[in-house]
Amino acid sequence: MSVIPSQLRRAVTATSATLGLGLSGVIAIPTAAQAAPVGIVCAVGSQTTNYSPPLTNAPRQTTAASTENYGCTSLFTGVSSATGTHTATSEQSCLLTVVPPTNTSTRTYTWNTGQSSTITFVSSTVVTAADGTTTITSLGSVTTGLGQGSAAVRVVVQPQLSLTACATTGLNTVNGIATLNILP
């Protein structure tokens, strides 16, 4: 079991508390040195995911292509916006499925400054509320680029899926809100 340094644990816990989340476990964060703190807060964002073939109630291999767009602030950099994309293929459906609490994914975000950050999320949790809203919380660290070595927290909230579309032609696109924080 790896242990997060106490200063980093406090920063992740503080960010999680600010977002209304709890830190449910210990994650391993690479300790790569960084030149200067970045402290980027992207509190206003969106995620659009396109499914091919469309999601239905029957599980099948589906490619999910996501695009994230953020409005950001940072005291230490000129960052004011970011864009990231990610594509993954797996068995998916509209029905509630049990998602393992840990699955590694890597995403690269391009900042308005022309710089980029590659973040490896080592822990993701998926919670579906009674109203059908799904919240995905991912914890990890910046492995290369701006903020290398810093902890990162990403939260995506997706609305309830269309029951009619899932039962008939399928669901092509889901739009949700998102936040991304890279801790100083």
# chains A, B, ... in the order shown; residues from 1 in each chain; ligands from 1

call {"tool": "residues_around", "arguments": {"residues": "Thr135 in chain A", "least_positions_apart": "5", "cutoff": "7 Å", "atoms": "only C-alpha atoms", "output": "short mmCIF file (atom, residue, chain, number, x, y, z; two decimals) with N, CA and C atoms, in the first residue's frame"}}
result
data_model
loop_
_atom_site.label_atom_id
_atom_site.label_comp_id
_atom_site.auth_asym_id
_atom_site.auth_seq_id
_atom_site.Cartn_x
_atom_site.Cartn_y
_atom_site.Cartn_z
N VAL A 126 -17.78 5.63 -9.41
CA VAL A 126 -19.00 6.00 -10.13
C VAL A 126 -20.17 5.81 -9.17
N VAL A 127 -20.94 6.87 -8.97
CA VAL A 127 -22.10 6.81 -8.08
C VAL A 127 -23.32 7.25 -8.87
N THR A 128 -24.35 6.40 -8.88
CA THR A 128 -25.61 6.75 -9.55
C THR A 128 -26.65 7.04 -8.47
N VAL A 155 -14.17 15.62 -11.72
CA VAL A 155 -15.52 15.18 -11.41
C VAL A 155 -16.41 15.47 -12.61
N VAL A 156 -17.15 14.45 -13.06
CA VAL A 156 -18.10 14.60 -14.17
C VAL A 156 -19.47 14.17 -13.65
N VAL A 157 -20.48 15.00 -13.89
CA VAL A 157 -21.86 14.68 -13.50
C VAL A 157 -22.68 14.58 -14.78
N GLN A 158 -23.25 13.39 -15.00
CA GLN A 158 -24.07 13.15 -16.19
C GLN A 158 -25.53 13.02 -15.78
#

call {"tool": "residues_around", "arguments": {"residues": "Ala65 in chain A", "least_positions_apart": "3", "cutoff": "7 Å", "atoms": "only C-alpha atoms", "output": "count of residues only"}}
result
6

call {"tool": "select_by_dssp", "arguments": {"residues": "range 46-170 of chain A", "states": "alpha helix (DSSP H)", "output": "ChimeraX atom specification"}}
result
/A:163-167

call {"tool": "write_last_selection", "arguments": {"atoms": "N, CA and C atoms", "output": "short mmCIF file (atom, residue, chain, number, x, y, z; two decimals), in the first residue's frame"}}
result
data_model
loop_
_atom_site.label_atom_id
_atom_site.label_comp_id
_atom_site.auth_asym_id
_atom_site.auth_seq_id
_atom_site.Cartn_x
_atom_site.Cartn_y
_atom_site.Cartn_z
N LEU A 163 -34.76 7.06 -21.06
CA LEU A 163 -35.29 5.69 -21.04
C LEU A 163 -35.88 5.30 -22.39
N THR A 164 -36.51 6.26 -23.06
CA THR A 164 -37.10 5.99 -24.37
C THR A 164 -36.02 5.66 -25.39
N ALA A 165 -34.99 6.49 -25.46
CA ALA A 165 -33.90 6.24 -26.41
C ALA A 165 -33.20 4.92 -26.11
N CYS A 166 -32.96 4.63 -24.84
CA CYS A 166 -32.28 3.38 -24.47
C CYS A 166 -33.08 2.15 -24.87
N ALA A 167 -34.40 2.26 -24.83
CA ALA A 167 -35.26 1.12 -25.15
C ALA A 167 -35.57 0.99 -26.64
#

call {"tool": "residues_around", "arguments": {"residues": "range 114-119 of chain A", "least_positions_apart": "2", "cutoff": "9 Å", "atoms": "only C-alpha atoms", "output": "tab-separated table (two decimals) with N, CA, C and O atoms, in the first residue's frame"}}
result
chain	number	residue	atom	x	y	z
A	82	ALA	N	-9.15	25.00	-20.98
A	82	ALA	CA	-8.52	23.73	-21.35
A	82	ALA	C	-9.49	22.89	-22.16
A	82	ALA	O	-10.71	23.03	-22.04
A	105	SER	N	-6.87	5.42	-16.20
A	105	SER	CA	-7.07	6.03	-17.51
A	105	SER	C	-6.15	7.24	-17.61
A	105	SER	O	-5.83	7.88	-16.62
A	106	THR	N	-5.71	7.52	-18.82
A	106	THR	CA	-4.82	8.64	-19.06
A	106	THR	C	-5.49	9.61	-20.02
A	106	THR	O	-6.06	9.20	-21.02
A	107	ARG	N	-5.44	10.89	-19.67
A	107	ARG	CA	-6.04	11.93	-20.50
A	107	ARG	C	-5.05	13.07	-20.63
A	107	ARG	O	-4.36	13.40	-19.68
A	108	THR	N	-5.01	13.68	-21.81
A	108	THR	CA	-4.15	14.84	-22.04
A	108	THR	C	-5.03	16.06	-22.23
A	108	THR	O	-5.98	16.04	-23.02
A	109	TYR	N	-4.71	17.12	-21.48
A	109	TYR	CA	-5.45	18.38	-21.56
A	109	TYR	C	-4.54	19.43	-22.18
A	109	TYR	O	-3.37	19.55	-21.81
A	110	THR	N	-5.08	20.19	-23.12
A	110	THR	CA	-4.33	21.28	-23.76
A	110	THR	C	-4.87	22.59	-23.21
A	110	THR	O	-6.08	22.84	-23.24
A	111	TRP	N	-3.95	23.41	-22.71
A	111	TRP	CA	-4.32	24.68	-22.09
A	111	TRP	C	-4.28	25.80	-23.13
A	111	TRP	O	-3.62	25.69	-24.14
A	112	ASN	N	-4.97	26.89	-22.84
A	112	ASN	CA	-4.99	28.05	-23.74
A	112	ASN	C	-3.60	28.63	-23.96
A	112	ASN	O	-3.37	29.33	-24.94
A	121	PHE	N	-5.22	9.05	-14.18
A	121	PHE	CA	-6.18	8.86	-13.09
A	121	PHE	C	-6.09	7.42	-12.66
A	121	PHE	O	-6.30	6.50	-13.46
A	140	GLY	N	-5.86	11.31	-9.43
A	140	GLY	CA	-4.61	10.89	-10.04
A	140	GLY	C	-3.57	11.96	-9.93
A	140	GLY	O	-3.59	12.77	-9.01
A	141	SER	N	-2.64	11.97	-10.90
A	141	SER	CA	-1.58	12.96	-10.88
A	141	SER	C	-1.15	13.31	-12.30
A	141	SER	O	-1.36	12.54	-13.24
A	142	VAL	N	-0.52	14.48	-12.43
A	142	VAL	CA	0.01	14.92	-13.70
A	142	VAL	C	1.32	14.17	-13.93
A	142	VAL	O	2.26	14.30	-13.14
A	143	THR	N	1.38	13.36	-14.98
A	143	THR	CA	2.57	12.56	-15.23
A	143	THR	C	3.56	13.25	-16.17
A	143	THR	O	4.75	12.98	-16.09
A	144	THR	N	3.08	14.13	-17.04
A	144	THR	CA	3.97	14.92	-17.89
A	144	THR	C	3.33	16.27	-18.17
A	144	THR	O	2.11	16.42	-18.13
A	145	GLY	N	4.16	17.26	-18.47
A	145	GLY	CA	3.65	18.57	-18.86
A	145	GLY	C	3.47	19.51	-17.69
A	145	GLY	O	4.04	19.32	-16.61
A	146	LEU	N	2.67	20.54	-17.91
A	146	LEU	CA	2.40	21.57	-16.91
A	146	LEU	C	1.86	20.93	-15.64
A	146	LEU	O	0.88	20.20	-15.67
A	147	GLY	N	2.52	21.19	-14.51
A	147	GLY	CA	2.07	20.65	-13.24
A	147	GLY	C	2.57	19.25	-12.94
A	147	GLY	O	2.04	18.59	-12.03
A	148	GLN	N	3.58	18.77	-13.66
A	148	GLN	CA	4.07	17.41	-13.45
A	148	GLN	C	4.33	17.16	-11.98
A	148	GLN	O	4.94	17.95	-11.29
A	151	ALA	N	-1.09	16.53	-7.82
A	151	ALA	CA	-2.31	15.72	-7.73
A	151	ALA	C	-3.40	16.36	-8.57
A	151	ALA	O	-3.44	17.58	-8.74
A	152	ALA	N	-4.30	15.53	-9.10
A	152	ALA	CA	-5.40	16.02	-9.93
A	152	ALA	C	-6.71	15.36	-9.50
A	152	ALA	O	-6.72	14.18	-9.14

call {"tool": "residues_around", "arguments": {"residues": "range 36-47 of chain A", "least_positions_apart": "4", "cutoff": "9 Å", "atoms": "only C-alpha atoms", "output": "ChimeraX atom specification"}}
result
/A:66-77,79-82,146-147,150,156-158,174-184

call {"tool": "residues_around", "arguments": {"residues": "Ala58 in chain A", "least_positions_apart": "2", "cutoff": "9 Å", "atoms": "only C-alpha atoms", "output": "list in words"}}
result
Leu55, Thr56, Arg60, Gln92, Ser93, Cys94, Leu95, Cys166 and Ala167 of chain A

call {"tool": "select_by_dssp", "arguments": {"residues": "range 48-100 of chain A", "states": "strand (DSSP E or B)", "output": "PyMOL selection string"}}
result
chain A and resi 48-55+60-74+81-92

call {"tool": "closest_residue", "arguments": {"among": "A:Thr113, A:Thr104, A:Pro59, A:Pro53", "to": "Leu139 in chain A", "atoms": "only C-alpha atoms"}}
result
A:Thr104

call {"tool": "decode", "arguments": {"residues": "range 38-101 of chain A", "atoms": "C-alpha atoms", "output": "compact mmCIF listing (two decimals), in the first residue's frame"}}
result
# COMPACT_ATOMS: atom_id res chain seq x y z
CA VAL A 38 0.50 25.46 -10.80
CA GLY A 39 -2.75 25.35 -8.80
CA ILE A 40 -5.25 25.25 -11.66
CA VAL A 41 -8.97 25.27 -10.83
CA CYS A 42 -11.35 24.48 -13.69
CA ALA A 43 -14.68 24.85 -11.91
CA VAL A 44 -16.77 25.45 -15.03
CA GLY A 45 -16.68 22.70 -17.59
CA SER A 46 -18.61 20.32 -19.77
CA GLN A 47 -18.17 16.83 -21.12
CA THR A 48 -19.82 15.50 -24.27
CA THR A 49 -19.61 11.76 -24.92
CA ASN A 50 -20.59 10.21 -28.23
CA TYR A 51 -21.33 6.46 -28.35
CA SER A 52 -20.81 4.23 -31.37
CA PRO A 53 -22.87 2.13 -31.68
CA PRO A 54 -25.45 3.98 -29.55
CA LEU A 55 -26.12 2.84 -25.98
CA THR A 56 -29.16 0.61 -25.56
CA ASN A 57 -30.46 -1.59 -22.76
CA ALA A 58 -28.51 -4.53 -24.21
CA PRO A 59 -24.80 -4.60 -23.27
CA ARG A 60 -22.44 -4.55 -26.27
CA GLN A 61 -18.99 -3.35 -27.30
CA THR A 62 -19.25 0.41 -27.64
CA THR A 63 -16.71 3.13 -28.33
CA ALA A 64 -17.16 6.20 -26.14
CA ALA A 65 -15.44 9.35 -27.46
CA SER A 66 -15.44 12.18 -24.90
CA THR A 67 -14.53 15.84 -25.27
CA GLU A 68 -14.09 18.04 -22.21
CA ASN A 69 -13.99 21.86 -22.25
CA TYR A 70 -13.14 23.96 -19.21
CA GLY A 71 -12.99 27.55 -18.04
CA CYS A 72 -10.11 27.80 -15.54
CA THR A 73 -8.28 30.08 -13.13
CA SER A 74 -4.72 29.90 -11.81
CA LEU A 75 -2.66 32.20 -9.62
CA PHE A 76 0.65 30.84 -10.93
CA THR A 77 0.09 30.40 -14.69
CA GLY A 78 -1.75 32.15 -17.52
CA VAL A 79 -4.19 29.27 -17.82
CA SER A 80 -7.81 30.30 -18.44
CA SER A 81 -9.20 27.34 -20.42
CA ALA A 82 -8.52 23.73 -21.35
CA THR A 83 -9.69 21.03 -23.74
CA GLY A 84 -9.22 17.28 -23.47
CA THR A 85 -10.35 14.23 -25.41
CA HIS A 86 -10.49 10.55 -24.58
CA THR A 87 -11.67 7.47 -26.45
CA ALA A 88 -12.27 4.02 -24.96
CA THR A 89 -14.01 0.86 -26.09
CA SER A 90 -15.72 -1.47 -23.62
CA GLU A 91 -18.94 -3.36 -23.06
CA GLN A 92 -21.57 -0.76 -22.16
CA SER A 93 -25.31 -0.29 -21.90
CA CYS A 94 -27.87 2.13 -20.48
CA LEU A 95 -28.47 -0.20 -17.55
CA LEU A 96 -26.83 0.35 -14.18
CA THR A 97 -23.61 -1.62 -14.00
CA VAL A 98 -21.13 -2.19 -11.25
CA VAL A 99 -17.95 -0.29 -12.08
CA PRO A 100 -14.75 -1.33 -10.30
CA PRO A 101 -13.57 1.42 -7.91
